[in-house]
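One file, my_file-v5.cif, carrying mmCIF, C-alpha atoms:
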```
data_structure
#
loop_
_atom_site.group_PDB
_atom_site.id
_atom_site.type_symbol
_atom_site.label_atom_id
_atom_site.label_comp_id
_atom_site.auth_asym_id
_atom_site.auth_seq_id
_atom_site.Cartn_x
_atom_site.Cartn_y
_atom_site.Cartn_z
ATOM 1 C CA MET B 1 29.582 0.613 0.247
ATOM 2 C CA SER B 2 26.775 3.197 0.081
ATOM 3 C CA ASP B 3 25.320 4.858 3.166
ATOM 4 C CA ASN B 4 21.891 3.325 3.703
ATOM 5 C CA SER B 5 21.136 5.311 6.879
ATOM 6 C CA TYR B 6 18.542 7.363 5.001
ATOM 7 C CA PHE B 7 16.586 4.179 4.407
ATOM 8 C CA LEU B 8 16.356 3.229 8.071
ATOM 9 C CA ILE B 9 13.473 4.247 10.316
ATOM 10 C CA ASP B 10 14.586 7.300 12.299
ATOM 11 C CA ILE B 11 11.894 8.920 14.439
ATOM 12 C CA ASP B 12 14.256 11.690 15.607
ATOM 13 C CA ARG B 13 15.010 12.686 12.012
ATOM 14 C CA ILE B 14 11.357 12.530 10.958
ATOM 15 C CA LEU B 15 10.303 14.774 13.856
ATOM 16 C CA LYS B 16 12.992 17.290 12.953
ATOM 17 C CA GLN B 17 11.829 17.272 9.336
ATOM 18 C CA LYS B 18 8.178 17.715 10.271
ATOM 19 C CA ALA B 19 8.449 20.002 13.298
ATOM 20 C CA GLY B 20 11.696 21.889 12.606
ATOM 21 C CA GLY B 21 13.019 23.790 15.603
ATOM 22 C CA LYS B 22 9.945 22.855 17.650
ATOM 23 C CA ALA B 23 11.064 19.215 17.684
ATOM 24 C CA ARG B 24 13.253 19.846 20.720
ATOM 25 C CA PHE B 25 10.161 20.654 22.760
ATOM 26 C CA ILE B 26 8.594 17.232 22.146
ATOM 27 C CA PRO B 27 8.845 15.254 25.436
ATOM 28 C CA ARG B 28 11.418 12.484 25.332
ATOM 29 C CA PHE B 29 8.941 9.965 26.745
ATOM 30 C CA LEU B 30 6.723 10.616 23.709
ATOM 31 C CA VAL B 31 9.643 10.165 21.312
ATOM 32 C CA SER B 32 10.539 6.887 23.059
ATOM 33 C CA TYR B 33 6.921 5.747 22.791
ATOM 34 C CA LEU B 34 6.867 6.502 19.057
ATOM 35 C CA LYS B 35 10.074 4.531 18.537
ATOM 36 C CA ARG B 36 8.556 1.597 20.394
ATOM 37 C CA ILE B 37 5.214 1.679 18.570
ATOM 38 C CA VAL B 38 6.882 1.756 15.131
ATOM 39 C CA HIS B 39 9.290 -1.014 16.269
ATOM 40 C CA GLN B 40 12.249 1.102 15.159
ATOM 41 C CA GLU B 41 15.014 -1.165 16.462
ATOM 42 C CA GLU B 42 13.517 -4.466 15.255
ATOM 43 C CA LEU B 43 12.627 -3.181 11.793
ATOM 44 C CA ASN B 44 15.981 -1.432 11.355
ATOM 45 C CA GLY B 45 17.734 -4.686 12.249
ATOM 46 C CA PHE B 46 15.774 -6.407 9.486
ATOM 47 C CA LEU B 47 16.460 -3.606 6.979
ATOM 48 C CA ARG B 48 20.190 -3.780 7.688
ATOM 49 C CA ARG B 49 20.208 -7.556 7.166
ATOM 50 C CA VAL B 50 18.529 -7.270 3.746
ATOM 51 C CA SER B 51 20.137 -4.013 2.583
ATOM 52 C CA ASP B 52 21.461 -5.738 -0.556
ATOM 53 C CA LYS B 53 18.015 -6.971 -1.642
ATOM 54 C CA LYS B 54 15.928 -4.993 -4.130
ATOM 55 C CA GLY B 55 12.511 -5.291 -5.709
ATOM 56 C CA VAL B 56 10.859 -8.714 -5.610
ATOM 57 C CA ASP B 57 13.852 -10.199 -3.765
ATOM 58 C CA PHE B 58 13.294 -7.624 -1.001
ATOM 59 C CA LEU B 59 9.587 -8.528 -0.851
ATOM 60 C CA GLU B 60 10.504 -12.202 -0.545
ATOM 61 C CA GLU B 61 12.654 -11.349 2.487
ATOM 62 C CA CYS B 62 9.700 -9.403 3.927
ATOM 63 C CA MET B 63 7.423 -12.423 3.482
ATOM 64 C CA THR B 64 9.940 -14.558 5.388
ATOM 65 C CA PHE B 65 10.365 -11.947 8.140
ATOM 66 C CA LEU B 66 6.583 -11.699 8.587
ATOM 67 C CA ASP B 67 6.108 -15.462 8.164
ATOM 68 C CA ALA B 68 3.244 -14.614 5.804
ATOM 69 C CA ARG B 69 1.695 -17.422 3.769
ATOM 70 C CA LEU B 70 -0.838 -17.069 0.964
ATOM 71 C CA ASP B 71 -3.843 -19.183 0.030
ATOM 72 C CA VAL B 72 -4.312 -17.977 -3.555
ATOM 73 C CA ARG B 73 -7.532 -18.575 -5.466
ATOM 74 C CA GLY B 74 -7.949 -17.693 -9.150
ATOM 75 C CA LEU B 75 -4.333 -17.765 -10.347
ATOM 76 C CA GLU B 76 -5.693 -18.854 -13.715
ATOM 77 C CA ASN B 77 -7.300 -15.406 -14.028
ATOM 78 C CA LEU B 78 -3.943 -13.635 -14.338
ATOM 79 C CA PRO B 79 -3.690 -12.470 -17.979
ATOM 80 C CA SER B 80 -0.757 -13.814 -19.983
ATOM 81 C CA GLU B 81 -0.931 -10.991 -22.530
ATOM 82 C CA GLY B 82 -1.428 -7.242 -22.331
ATOM 83 C CA LEU B 83 -0.834 -4.892 -19.429
ATOM 84 C CA CYS B 84 -2.949 -4.810 -16.290
ATOM 85 C CA THR B 85 -3.987 -2.587 -13.428
ATOM 86 C CA PHE B 86 -4.393 -4.777 -10.355
ATOM 87 C CA VAL B 87 -6.747 -3.223 -7.805
ATOM 88 C CA SER B 88 -7.326 -4.586 -4.314
ATOM 89 C CA ASN B 89 -9.026 -3.777 -1.079
ATOM 90 C CA HIS B 90 -6.568 -2.643 1.598
ATOM 91 C CA PRO B 91 -7.458 -4.357 4.884
ATOM 92 C CA LEU B 92 -4.065 -4.332 6.606
ATOM 93 C CA GLY B 93 -1.582 -1.728 5.396
ATOM 94 C CA GLY B 94 1.371 -4.117 5.612
ATOM 95 C CA GLN B 95 1.054 -7.757 4.614
ATOM 96 C CA ASP B 96 -1.442 -6.991 1.849
ATOM 97 C CA GLY B 97 0.942 -4.635 0.048
ATOM 98 C CA VAL B 98 3.959 -6.896 0.523
ATOM 99 C CA SER B 99 2.087 -10.057 -0.464
ATOM 100 C CA LEU B 100 0.507 -8.721 -3.650
ATOM 101 C CA GLY B 101 3.793 -7.194 -4.793
ATOM 102 C CA TYR B 102 5.557 -10.494 -4.152
ATOM 103 C CA LEU B 103 2.851 -12.650 -5.768
ATOM 104 C CA LEU B 104 2.450 -10.518 -8.900
ATOM 105 C CA GLY B 105 6.132 -9.583 -9.097
ATOM 106 C CA LYS B 106 7.123 -13.264 -9.124
ATOM 107 C CA HIS B 107 4.470 -14.100 -11.711
ATOM 108 C CA TYR B 108 5.421 -11.262 -14.063
ATOM 109 C CA GLY B 109 9.193 -11.341 -13.657
ATOM 110 C CA GLY B 110 9.400 -8.147 -11.619
ATOM 111 C CA LYS B 111 7.513 -6.060 -14.206
ATOM 112 C CA VAL B 112 5.241 -4.436 -11.617
ATOM 113 C CA LYS B 113 4.968 -0.994 -10.062
ATOM 114 C CA TYR B 114 3.063 0.183 -6.993
ATOM 115 C CA LEU B 115 1.373 3.546 -6.672
ATOM 116 C CA VAL B 116 2.224 4.204 -3.018
ATOM 117 C CA ASN B 117 2.574 6.886 -0.391
ATOM 118 C CA ASP B 118 5.982 8.492 -0.875
ATOM 119 C CA LEU B 119 7.014 7.573 2.696
ATOM 120 C CA LEU B 120 7.533 4.012 1.449
ATOM 121 C CA MET B 121 10.220 5.319 -0.900
ATOM 122 C CA ASN B 122 12.377 5.492 2.237
ATOM 123 C CA LEU B 123 12.673 1.704 1.980
ATOM 124 C CA SER B 124 15.493 1.300 -0.505
ATOM 125 C CA GLY B 125 14.564 -2.302 -1.260
ATOM 126 C CA LEU B 126 11.016 -1.312 -2.204
ATOM 127 C CA ALA B 127 11.855 1.909 -4.059
ATOM 128 C CA PRO B 128 12.540 0.267 -7.468
ATOM 129 C CA LEU B 129 8.938 -1.004 -7.513
ATOM 130 C CA CYS B 130 7.300 2.281 -6.528
ATOM 131 C CA ILE B 131 5.706 5.276 -8.164
ATOM 132 C CA PRO B 132 5.576 7.626 -5.152
ATOM 133 C CA ILE B 133 2.474 9.680 -4.414
ATOM 134 C CA ASN B 134 2.546 12.847 -2.330
ATOM 135 C CA LYS B 135 -0.238 15.186 -3.386
ATOM 136 C CA THR B 136 0.346 17.693 -0.586
ATOM 137 C CA GLY B 137 4.107 18.176 -0.582
ATOM 138 C CA ALA B 138 6.666 19.585 -2.978
ATOM 139 C CA GLN B 139 6.149 16.562 -5.190
ATOM 140 C CA SER B 140 2.535 17.531 -5.944
ATOM 141 C CA ARG B 141 3.435 19.277 -9.219
ATOM 142 C CA ASP B 142 5.017 16.045 -10.460
ATOM 143 C CA PHE B 143 2.116 13.804 -9.394
ATOM 144 C CA PRO B 144 0.236 13.742 -12.719
ATOM 145 C CA ARG B 145 3.473 13.242 -14.648
ATOM 146 C CA MET B 146 4.577 10.308 -12.459
ATOM 147 C CA VAL B 147 1.201 8.582 -12.662
ATOM 148 C CA GLU B 148 1.160 9.094 -16.418
ATOM 149 C CA ALA B 149 4.672 7.672 -16.758
ATOM 150 C CA GLY B 150 3.716 4.642 -14.669
ATOM 151 C CA PHE B 151 0.657 3.844 -16.743
ATOM 152 C CA ARG B 152 2.488 4.474 -20.015
ATOM 153 C CA SER B 153 5.312 2.114 -19.005
ATOM 154 C CA ASP B 154 5.496 -1.595 -19.812
ATOM 155 C CA ASN B 155 4.954 -2.508 -16.146
ATOM 156 C CA HIS B 156 1.798 -3.851 -14.567
ATOM 157 C CA ILE B 157 0.381 -1.445 -11.963
ATOM 158 C CA ILE B 158 -0.683 -2.434 -8.432
ATOM 159 C CA MET B 159 -3.077 -0.053 -6.687
ATOM 160 C CA PHE B 160 -5.095 0.208 -3.496
ATOM 161 C CA PRO B 161 -7.662 2.725 -4.765
ATOM 162 C CA ALA B 162 -8.987 3.552 -1.290
ATOM 163 C CA GLY B 163 -5.655 5.196 -0.469
ATOM 164 C CA LEU B 164 -5.998 4.368 3.233
ATOM 165 C CA CYS B 165 -6.344 0.925 4.728
ATOM 166 C CA SER B 166 -9.854 -0.231 5.635
ATOM 167 C CA ARG B 167 -11.879 1.344 8.430
ATOM 168 C CA ARG B 168 -14.766 0.042 10.505
ATOM 169 C CA GLN B 169 -17.957 1.831 9.526
ATOM 170 C CA HIS B 170 -21.339 0.936 11.045
ATOM 171 C CA GLY B 171 -19.796 -2.242 12.412
ATOM 172 C CA VAL B 172 -18.425 -3.377 9.027
ATOM 173 C CA ILE B 173 -14.706 -3.377 8.163
ATOM 174 C CA LYS B 174 -14.439 -2.122 4.611
ATOM 175 C CA ASP B 175 -12.461 0.240 2.393
ATOM 176 C CA LEU B 176 -13.386 3.883 2.129
ATOM 177 C CA PRO B 177 -14.685 4.865 -1.349
ATOM 178 C CA TRP B 178 -12.238 4.057 -4.139
ATOM 179 C CA LYS B 179 -10.709 6.867 -6.148
ATOM 180 C CA LYS B 180 -11.387 6.800 -9.881
ATOM 181 C CA THR B 181 -7.780 7.128 -11.131
ATOM 182 C CA PHE B 182 -7.456 3.415 -11.908
ATOM 183 C CA ILE B 183 -10.498 3.618 -14.186
ATOM 184 C CA THR B 184 -9.524 6.732 -16.125
ATOM 185 C CA LYS B 185 -5.868 5.769 -16.589
ATOM 186 C CA SER B 186 -6.610 2.138 -17.468
ATOM 187 C CA VAL B 187 -9.022 3.283 -20.169
ATOM 188 C CA GLU B 188 -6.493 5.799 -21.518
ATOM 189 C CA THR B 189 -3.711 3.217 -21.669
ATOM 190 C CA HIS B 190 -5.842 0.207 -22.682
ATOM 191 C CA ARG B 191 -5.107 -1.912 -19.600
ATOM 192 C CA TRP B 192 -7.096 -4.805 -18.222
ATOM 193 C CA VAL B 193 -8.423 -4.134 -14.721
ATOM 194 C CA VAL B 194 -7.969 -7.178 -12.478
ATOM 195 C CA PRO B 195 -9.901 -7.096 -9.174
ATOM 196 C CA ILE B 196 -8.327 -8.775 -6.144
ATOM 197 C CA HIS B 197 -9.749 -9.450 -2.703
ATOM 198 C CA PHE B 198 -7.309 -9.759 0.209
ATOM 199 C CA GLU B 199 -8.711 -11.280 3.392
ATOM 200 C CA GLY B 200 -7.540 -9.860 6.716
ATOM 201 C CA ARG B 201 -8.159 -7.304 9.444
ATOM 202 C CA ASN B 202 -6.338 -5.141 11.951
ATOM 203 C CA SER B 203 -7.017 -4.949 15.694
ATOM 204 C CA ASP B 204 -10.072 -3.395 17.358
ATOM 205 C CA PHE B 205 -7.703 -0.826 18.884
ATOM 206 C CA PHE B 206 -6.685 0.344 15.395
ATOM 207 C CA TYR B 207 -10.267 0.797 14.173
ATOM 208 C CA ASN B 208 -11.385 2.461 17.414
ATOM 209 C CA LEU B 209 -8.465 4.902 17.266
ATOM 210 C CA ALA B 210 -9.178 5.795 13.628
ATOM 211 C CA ASN B 211 -12.857 6.416 14.395
ATOM 212 C CA LEU B 212 -12.052 8.454 17.509
ATOM 213 C CA CYS B 213 -9.735 10.727 15.523
ATOM 214 C CA LYS B 214 -12.454 11.175 12.907
ATOM 215 C CA ARG B 215 -15.041 12.131 15.550
ATOM 216 C CA LEU B 216 -12.612 14.596 17.123
ATOM 217 C CA GLY B 217 -11.898 16.162 13.740
ATOM 218 C CA ILE B 218 -8.175 15.321 13.863
ATOM 219 C CA LYS B 219 -6.961 15.530 10.267
ATOM 220 C CA PHE B 220 -3.551 13.929 10.839
ATOM 221 C CA ASN B 221 -3.749 10.179 10.251
ATOM 222 C CA ILE B 222 -2.636 9.091 13.744
ATOM 223 C CA ALA B 223 -3.708 5.503 13.068
ATOM 224 C CA MET B 224 -0.981 5.286 10.406
ATOM 225 C CA LEU B 225 1.632 5.441 13.175
ATOM 226 C CA TYR B 226 0.360 2.100 14.437
ATOM 227 C CA LEU B 227 0.529 0.241 11.117
ATOM 228 C CA ALA B 228 3.956 -1.255 11.863
ATOM 229 C CA ASP B 229 2.610 -2.528 15.175
ATOM 230 C CA GLU B 230 -0.437 -3.979 13.404
ATOM 231 C CA MET B 231 1.817 -5.586 10.802
ATOM 232 C CA LEU B 232 3.806 -7.406 13.459
ATOM 233 C CA LYS B 233 0.612 -8.466 15.257
ATOM 234 C CA ASN B 234 -0.394 -10.128 11.982
ATOM 235 C CA ARG B 235 2.758 -12.245 11.752
ATOM 236 C CA HIS B 236 2.611 -16.040 11.310
ATOM 237 C CA LYS B 237 -0.696 -15.992 9.444
ATOM 238 C CA THR B 238 -2.092 -17.362 6.196
ATOM 239 C CA PHE B 239 -4.045 -14.870 4.083
ATOM 240 C CA ARG B 240 -6.556 -15.793 1.416
ATOM 241 C CA VAL B 241 -6.082 -13.905 -1.843
ATOM 242 C CA THR B 242 -8.817 -14.172 -4.482
ATOM 243 C CA ILE B 243 -8.049 -13.020 -8.018
ATOM 244 C CA GLY B 244 -11.127 -12.147 -10.037
ATOM 245 C CA GLN B 245 -11.876 -12.252 -13.738
ATOM 246 C CA PRO B 246 -9.987 -9.558 -15.723
ATOM 247 C CA LEU B 247 -12.203 -6.679 -16.829
ATOM 248 C CA PRO B 248 -11.532 -5.254 -20.315
ATOM 249 C CA TRP B 249 -10.955 -1.522 -20.409
ATOM 250 C CA GLU B 250 -13.674 -1.201 -23.071
ATOM 251 C CA MET B 251 -16.392 -2.030 -20.525
ATOM 252 C CA PHE B 252 -15.802 1.245 -18.668
ATOM 253 C CA ASP B 253 -17.956 3.253 -21.057
ATOM 254 C CA ARG B 254 -20.085 6.361 -20.614
ATOM 255 C CA SER B 255 -22.998 4.433 -19.124
ATOM 256 C CA LYS B 256 -21.422 5.257 -15.732
ATOM 257 C CA THR B 257 -19.090 7.996 -14.551
ATOM 258 C CA PRO B 258 -15.511 6.942 -13.701
ATOM 259 C CA ALA B 259 -16.390 7.308 -9.992
ATOM 260 C CA GLU B 260 -19.411 5.036 -10.459
ATOM 261 C CA TRP B 261 -17.276 2.462 -12.285
ATOM 262 C CA ALA B 262 -14.728 2.607 -9.443
ATOM 263 C CA ASP B 263 -17.524 1.872 -6.972
ATOM 264 C CA TYR B 264 -18.744 -0.953 -9.228
ATOM 265 C CA VAL B 265 -15.312 -2.632 -9.175
ATOM 266 C CA ARG B 266 -15.042 -2.097 -5.399
ATOM 267 C CA GLU B 267 -18.335 -3.922 -4.909
ATOM 268 C CA LEU B 268 -17.142 -6.721 -7.209
ATOM 269 C CA VAL B 269 -14.094 -7.158 -4.971
ATOM 270 C CA TYR B 270 -16.202 -7.444 -1.834
ATOM 271 C CA ALA B 271 -18.506 -9.965 -3.524
ATOM 272 C CA MET B 272 -15.552 -12.281 -4.293
#
```
Would it be possible to restate this file's structure as structure tokens?
Amino acid sequence: MSDNSYFLIDIDRILKQKAGGKARFIPRFLVSYLKRIVHQEELNGFLRRVSDKKGVDFLEECMTFLDARLDVRGLENLPSEGLCTFVSNHPLGGQDGVSLGYLLGKHYGGKVKYLVNDLLMNLSGLAPLCIPINKTGAQSRDFPRMVEAGFRSDNHIIMFPAGLCSRRQHGVIKDLPWKKTFITKSVETHRWVVPIHFEGRNSDFFYNLANLCKRLGIKFNIAMLYLADEMLKNRHKTFRVTIGQPLPWEMFDRSKTPAEWADYVRELVYAM
């Protein structure tokens, strides 16, 4: 039996990796708080129970654990031929990623890949579905190659082009501007672009914390530490998922820049 300890949540190990020798100076009460806020014990218990599950089967276990139900509109819009780039708003940071991977993975027989933050590669059950993204670390040199390989593969791609989950701006909860990668790579590889709207929101605490950090000029994404807590707050809910009409790659012509087309698709999603 393989050692799956690497794939469990381990705050002590992460702090040692990030802070090196300085980790021993971090107060124990703070370490204990971090373990509690990321629900280390509860989530590790779940990960141990499903350690034999991979890919879509792992996502199905996640859906059961979160008691997440979907009210799906527009299933008839899912293309039966050709390859697609599925792009969605990112309101939650937990259930939205799990749900779309499960929904699309089931529909397409597991032939899906996420472009995700490389931290999620630590989940062994999710890793087979992931193309990891880490633009700032040692992996940065491989980033273009991995994205290229993903888009050139025979898998459908699932992306949250905002990168971060939604923030509250001027009283409105909405994604930050979408990055243009899904436009440029879909055109290059002749993929349909399928817009998806996922309905949901995190707590006021989460949005207030994110905005406070922004005002204080704190570059580290502290709000990300609370995403596991937000995910568990959103248990036992039904989420509406609306799948829009597929957009042919040919429409993304030179009448707009790729960034302008990305904004166009983002607005389409919010109009759904």
- Spell out the residues picked by the PyMOL selection byres ((chain B and resi 196) around 9) here, as an MDAnalysis selection string. chainID B and resid 86:89 194:195 197:198 241:244 269 272
Deliver the residues from the most recent selection as a file, using C-alpha atoms, as a short mmCIF file (atom, residue, chain, number, x, y, z; two decimals), in the frame of the given file.
```
data_model
loop_
_atom_site.label_atom_id
_atom_site.label_comp_id
_atom_site.auth_asym_id
_atom_site.auth_seq_id
_atom_site.Cartn_x
_atom_site.Cartn_y
_atom_site.Cartn_z
CA PHE B 86 -4.39 -4.78 -10.36
CA VAL B 87 -6.75 -3.22 -7.80
CA SER B 88 -7.33 -4.59 -4.31
CA ASN B 89 -9.03 -3.78 -1.08
CA VAL B 194 -7.97 -7.18 -12.48
CA PRO B 195 -9.90 -7.10 -9.17
CA HIS B 197 -9.75 -9.45 -2.70
CA PHE B 198 -7.31 -9.76 0.21
CA VAL B 241 -6.08 -13.90 -1.84
CA THR B 242 -8.82 -14.17 -4.48
CA ILE B 243 -8.05 -13.02 -8.02
CA GLY B 244 -11.13 -12.15 -10.04
CA VAL B 269 -14.09 -7.16 -4.97
CA MET B 272 -15.55 -12.28 -4.29
#
```
- Name the residues that the PyMOL selection byres ((chain B and resi 199) around 6) picks from the file above, as a list in words, using the file's chain letters and numbers.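 That expression, the PyMOL selection byres ((chain B and resi 199) around 6), corresponds here to Phe198, Gly200, Phe239 and Arg240 of chain B.
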- Just how far from atom CA of Arg235 of chain B is atom CA of Val172 of chain B, in Å to one decimal? 23.1 Å
- Using only C-alpha atoms, which of B:Ala68, B:Ala23, B:Ala149, B:Leu100 sits nearest Thr238 of chain B?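 Once distances to Thr238 of chain B are computed over only C-alpha atoms, the minimum belongs to B:Ala68.
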- Message: Using all atoms listed in the file, can you tell me which of B:Val193, B:Ala271, B:Val50, B:Leu232 comes closest to Gly82 of chain B?
- Response: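 Using all atoms listed in the file, the shortest distance to Gly82 of chain B belongs to B:Val193.
For Asp52 of chain B, the non-local neighbours within 10 Å, defined as residues at least 6 positions apart in the same chain or in other chains and counting all atoms listed in the file, are B:Phe58, B:Ser124, B:Gly125.
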- Could you expand the PyMOL selection byres ((chain B and resi 31) around 12) into the explicit residues it covers here, written as JSON, numbers by chain? {"B": [10, 11, 12, 13, 14, 15, 16, 23, 24, 25, 26, 27, 28, 29, 30, 32, 33, 34, 35, 36, 37, 38, 40]}
Which residues come within 10 Å of Ala210 of chain B, counting all atoms listed in the file, excluding same-chain residues fewer than 3 positions away, as a compact mmCIF listing (two decimals) with C-alpha atoms, in the coordinates of the input?
```txt
# COMPACT_ATOMS: atom_id res chain seq x y z
CA ARG B 167 -11.88 1.34 8.43
CA ARG B 168 -14.77 0.04 10.50
CA ASP B 204 -10.07 -3.40 17.36
CA PHE B 205 -7.70 -0.83 18.88
CA PHE B 206 -6.68 0.34 15.40
CA TYR B 207 -10.27 0.80 14.17
CA CYS B 213 -9.74 10.73 15.52
CA LYS B 214 -12.45 11.18 12.91
CA ARG B 215 -15.04 12.13 15.55
CA ILE B 218 -8.18 15.32 13.86
CA ASN B 221 -3.75 10.18 10.25
CA ILE B 222 -2.64 9.09 13.74
CA ALA B 223 -3.71 5.50 13.07
CA MET B 224 -0.98 5.29 10.41
```
- Find, counting only C-alpha atoms, the residue in B:Trp178, B:Phe46, B:Trp261, B:Tyr108 that gets nearest to Leu164 of chain B.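 Nearest candidate to Leu164 of chain B out of B:Trp178, B:Phe46, B:Trp261, B:Tyr108: B:Trp178.
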- Query: Expressed in Å to a single decimal, how great is the separation between atom CA of Asn44 of chain B and atom CA of Val116 of chain B?
  - Reply: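 Between atom CA of Asn44 of chain B and atom CA of Val116 of chain B the gap is 20.7 Å.
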- Query: Suppose you want the space between atom CA of Leu8 of chain B and atom CA of Val56 of chain B; what is it in Å?
  - Reply: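 Result for atom CA of Leu8 of chain B versus atom CA of Val56 of chain B: 19.0 Å, one decimal.
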- Message: Calculated over all atoms listed in the file, which of the candidates B:Glu76, B:Glu267, B:Asp96, B:Glu188 has the smallest distance to Glu230 of chain B?
- Response: B:Asp96
- Message: List the spatial neighbours of segment 245-254 of chain B as a ChimeraX atom specification - criterion: any atom at most 10 Å away, only C-alpha atoms, same-chain residues fewer than 4 positions off excluded.
- Response: /B:74-79,84-86,183-196,258,260-262,265
- Message: So that I can check the surroundings of His90 of chain B, please list as an MDAnalysis selection string every protein, DNA and RNA residue that reaches within 7 Å of it, counting only C-alpha atoms and ignoring chain neighbours fewer than 5 positions away.
- Response: chainID B and resid 96 160 165:166 175
- Item | Which residue of B:Leu227, B:Arg201, B:Lys237, B:Pro128 approaches Leu70 of chain B most closely, using all atoms listed in the file | B:Lys237
